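Trainee: What follows is a single structure, and I will ask about it in a moment.
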Amino acid sequence: MKMNNTFSKIKVFLTRPRVVMILGNGKETASLAISQVLQGSPHGKKILIYQADPLKMKEAEFLLKKAGSVILVLTHAGEYHAEKEFFAAEKSGVAVMEKLVGILPKHGKLVLNFDDETIRDIKNQTSVSALSFGFGARADIQATDVFLTQSPDLGANFKINYEGNIVPVWLKNLFGKEHIYAALTAVAVGELLGLNLVEISDSLKSYQGLPGRMKLIEGVKNTLILDDSESAMPLSMAEGLDILKKMTIAGRKIAVLGDIINIGPNTLEAHEAIGELVKVSADLFFTVGLRAKFYAEGAKKKGFPEDKIFSFNEVKEASAALQKEMNEGDLILVDGSRELKMTKIVDEIRKI
């Protein structure tokens, strides 16, 4: 729903819709998972799922105040680490969250990521009813027993624990904490709307995630691509390499990593540290970009064979070389910042 015109605002004022408002760094995937769960429920199209835009605060505030009922979902503010930690959040993003929580009506509900300390602290700023999710034992809705299914289909498998009830969840061809967190938000919203865990788990089997977000797709030459090309940060890339390491496949494992942009004064050290992880994760290593050459330095430092490293400045060159090198049964991780346009490599090697 767009509310940048008078007609839309009048419609909201008159209909007073039921709203699930989502914000934070995981709002896109969370929105998709929540939509999937509600799609087959009695609520169906009766609920407006709204991704709050920090640049359109007046719109979000208007909707919060005029909605008939509202569930405010806070995904995460900082970058997450594979070992359950969260790191520094942007102050501007936190301020937006605090402001919206501050005007959340008393009858509203709050869903929040308990693993992110910044989000957890926001909970203390309101008296509205809250439901938390996360991997930690103190979260109301907890994800446990996470592992990768290898056969017959690949994907993330875990258990949902809530109020003594335990239900398994399987996300086909999806990997990483971002998708598990998205599923947890959907569980929390579903619970608040009266759905049971079994129904929610069944719905999540159809959750497909977003392109370029740790998603397994078919490649040419009967290969597989672990597509994480939409964006990158050091810790999420490290998670991608860890997943590549754990996956069992018939052929070789190939890491194709582009520059990570805008990570501050420790850029070179961060790239070198990522490169060191490639030694235990991949058989071949392609780097893309000027900074990415420091991936190669880190890999060589750990003993990765120099003749198995291929470095390029441009995506086009890397893609051409990769296509020549790929063999049947290979698994290729493609990752890098959005500015590098690593998605072009995925488009070139994916099965049409």
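Each chain of the structure tokens is named A, B, ... in the order shown, its residues numbered from 1; ligands are numbered from 1 in display order.
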Sorted by chain and rising residue number, which residues of stretch 221-301 of chain A lie within 10 Å of stretch 318-339 of chain A, and what are their closest atom pairs and distances in Å to one decimal, counting only C-alpha atoms, as CSV?

Mentor:
```
residue,atom,partner,partner_atom,distance
A:Lys221,CA,A:Glu328,CA,5.2
A:Asn222,CA,A:Glu328,CA,5.1
A:Thr223,CA,A:Gly329,CA,5.0
A:Leu224,CA,A:Leu331,CA,4.8
A:Ile225,CA,A:Ile332,CA,4.7
A:Leu226,CA,A:Leu333,CA,4.6
A:Asp227,CA,A:Val334,CA,5.4
A:Asp228,CA,A:Asp335,CA,4.9
A:Ser229,CA,A:Asp335,CA,4.4
A:Glu230,CA,A:Arg338,CA,5.6
A:Ser231,CA,A:Ser337,CA,4.4
A:Ala232,CA,A:Ser337,CA,4.7
A:Met233,CA,A:Ser337,CA,7.4
A:Pro234,CA,A:Gly336,CA,9.6
A:Ser236,CA,A:Asp335,CA,9.5
A:Met237,CA,A:Asp335,CA,6.9
A:Gly240,CA,A:Leu333,CA,7.5
A:Leu241,CA,A:Leu333,CA,7.7
A:Ile243,CA,A:Leu333,CA,9.4
A:Leu244,CA,A:Leu333,CA,7.0
A:Met247,CA,A:Leu331,CA,8.9
A:Thr248,CA,A:Leu331,CA,9.3
A:Ile249,CA,A:Gly329,CA,6.9
A:Ala250,CA,A:Gly329,CA,5.3
A:Gly251,CA,A:Gly329,CA,4.3
A:Arg252,CA,A:Asp330,CA,4.7
A:Lys253,CA,A:Leu331,CA,4.9
A:Ile254,CA,A:Ile332,CA,4.7
A:Ala255,CA,A:Leu333,CA,4.9
A:Val256,CA,A:Val334,CA,4.8
A:Leu257,CA,A:Asp335,CA,5.0
A:Gly258,CA,A:Gly336,CA,4.2
A:Asp259,CA,A:Gly336,CA,5.7
A:Ile260,CA,A:Ser337,CA,5.1
A:Ile261,CA,A:Ser337,CA,6.0
A:Asn262,CA,A:Ser337,CA,9.2
A:Ala282,CA,A:Ile332,CA,9.0
A:Asp283,CA,A:Asp330,CA,10.0
A:Leu284,CA,A:Ile332,CA,9.3
A:Phe285,CA,A:Ile332,CA,9.7
A:Phe286,CA,A:Ala318,CA,7.2
A:Thr287,CA,A:Ala318,CA,7.7
A:Val288,CA,A:Ala318,CA,6.7
A:Gly289,CA,A:Gly336,CA,9.6
A:Ala292,CA,A:Gly336,CA,9.4
```

Trainee: With a distance cut-off of 7 Å and only C-alpha atoms, select the neighbouring residues of A:Lys205, excluding the residue or stretch itself and same-chain residues fewer than 5 positions from it, and output the selection as a list of chain:residue names.

Mentor: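 Here the qualifying residues turn out to be A:Trp170, A:Leu171, A:Lys172.
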
Trainee: Quick one: DSSP alpha helix (DSSP H) residues in stretch 19-222 of chain A, as JSON, numbers by chain?

Mentor: {"A": [27, 28, 29, 30, 31, 32, 33, 34, 35, 36, 37, 38, 39, 57, 58, 59, 60, 61, 62, 63, 64, 65, 66, 91, 92, 93, 94, 95, 96, 97, 98, 99, 100, 101, 102, 117, 118, 119, 120, 121, 122, 123, 177, 178, 179, 180, 181, 182, 183, 184, 185, 186, 187, 188, 189, 190, 191, 192, 197, 198, 199, 200, 201, 202, 203, 204]}

Trainee: With only C-alpha atoms as the atoms that count, which of A:Thr75, A:Asn266, A:Gln142, A:Ser311 lies nearest to A:Leu23?

Mentor: A:Thr75

Trainee: Quick one: residues within 9 Å of A:Ser31, only C-alpha atoms counted, chain neighbours fewer than 5 positions away excluded, as a compact mmCIF listing (two decimals) with N, CA and C atoms, in the first residue's frame?

Mentor:
```txt
# COMPACT_ATOMS: atom_id res chain seq x y z
N VAL A 20 0.83 -5.67 9.90
CA VAL A 20 2.09 -6.21 10.39
C VAL A 20 3.17 -5.32 9.79
N MET A 21 3.81 -4.51 10.64
CA MET A 21 4.84 -3.58 10.17
C MET A 21 6.21 -4.14 10.53
N ILE A 22 7.11 -4.19 9.54
CA ILE A 22 8.41 -4.83 9.72
C ILE A 22 9.53 -3.84 9.43
N GLY A 26 16.70 -7.22 8.35
CA GLY A 26 16.16 -8.46 7.78
C GLY A 26 14.72 -8.33 7.33
N GLN A 36 4.16 -15.76 3.39
CA GLN A 36 3.96 -17.17 3.06
C GLN A 36 3.10 -17.86 4.11
N ILE A 49 0.84 -6.26 5.16
CA ILE A 49 2.23 -6.46 5.57
C ILE A 49 3.03 -5.31 4.99
N TYR A 50 3.63 -4.53 5.87
CA TYR A 50 4.23 -3.25 5.48
C TYR A 50 5.68 -3.18 5.93
N GLN A 51 6.61 -2.97 4.99
CA GLN A 51 8.01 -2.78 5.30
C GLN A 51 8.27 -1.30 5.53
N ALA A 182 14.10 -15.14 9.51
CA ALA A 182 12.86 -14.81 8.79
C ALA A 182 11.76 -15.79 9.17
N THR A 185 10.42 -14.99 12.65
CA THR A 185 9.48 -13.87 12.68
C THR A 185 8.10 -14.33 12.23
N ALA A 186 8.07 -15.21 11.23
CA ALA A 186 6.79 -15.72 10.73
C ALA A 186 6.09 -16.57 11.79
```

Trainee: Give me, as a PyMOL selection string, all polymer residues having an atom no more than 12 Å from A:Ala139, counting only C-alpha atoms and skipping those fewer than 2 positions away in the same chain.

Mentor: chain A and resi 111-117+120+130-137+141-144+160-163+184+188

Trainee: Would you save the residues from that selection as a PDB file, in the first residue's frame, using C-alpha atoms?

Mentor:
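As written to disk, out-v6.pdb reads:
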```pdb
ATOM      1  CA  VAL A 111       7.901  -9.022  17.935  1.00  0.00           C
ATOM      2  CA  LEU A 112      11.659  -8.673  18.377  1.00  0.00           C
ATOM      3  CA  ASN A 113      14.984 -10.404  17.836  1.00  0.00           C
ATOM      4  CA  PHE A 114      16.248 -11.328  21.292  1.00  0.00           C
ATOM      5  CA  ASP A 115      19.725 -12.213  20.006  1.00  0.00           C
ATOM      6  CA  ASP A 116      20.441  -8.611  19.013  1.00  0.00           C
ATOM      7  CA  GLU A 117      21.261  -6.757  22.219  1.00  0.00           C
ATOM      8  CA  ARG A 120      16.531  -6.425  23.217  1.00  0.00           C
ATOM      9  CA  ALA A 130       6.175  -8.507  23.351  1.00  0.00           C
ATOM     10  CA  LEU A 131       7.149 -11.864  21.871  1.00  0.00           C
ATOM     11  CA  SER A 132      10.852 -12.513  21.264  1.00  0.00           C
ATOM     12  CA  PHE A 133      12.637 -14.929  18.948  1.00  0.00           C
ATOM     13  CA  GLY A 134      16.217 -16.108  18.497  1.00  0.00           C
ATOM     14  CA  PHE A 135      18.749 -18.869  19.044  1.00  0.00           C
ATOM     15  CA  GLY A 136      19.384 -17.982  22.676  1.00  0.00           C
ATOM     16  CA  ALA A 137      17.681 -19.937  25.450  1.00  0.00           C
ATOM     17  CA  ILE A 141      10.511 -18.663  20.397  1.00  0.00           C
ATOM     18  CA  GLN A 142      13.805 -20.484  20.030  1.00  0.00           C
ATOM     19  CA  ALA A 143      15.516 -22.149  17.053  1.00  0.00           C
ATOM     20  CA  THR A 144      17.572 -25.209  18.021  1.00  0.00           C
ATOM     21  CA  ILE A 160      11.117 -24.434  16.766  1.00  0.00           C
ATOM     22  CA  ASN A 161      10.688 -24.465  20.551  1.00  0.00           C
ATOM     23  CA  TYR A 162       7.786 -22.493  22.002  1.00  0.00           C
ATOM     24  CA  GLU A 163       6.018 -22.992  25.333  1.00  0.00           C
ATOM     25  CA  LEU A 184      11.189 -17.208  13.347  1.00  0.00           C
ATOM     26  CA  ALA A 188       5.934 -15.259  16.081  1.00  0.00           C
TER      27      ALA A 188
END
```

Trainee: Tell me which protein, DNA and RNA residues are within 12 Å of A:Val96, counting only C-alpha atoms, leaving out same-chain ones fewer than 6 positions away, and put them as a PyMOL selection string.

Mentor: chain A and resi 22-24+52-58+60-61+74+77+89-90+102-103+119+122
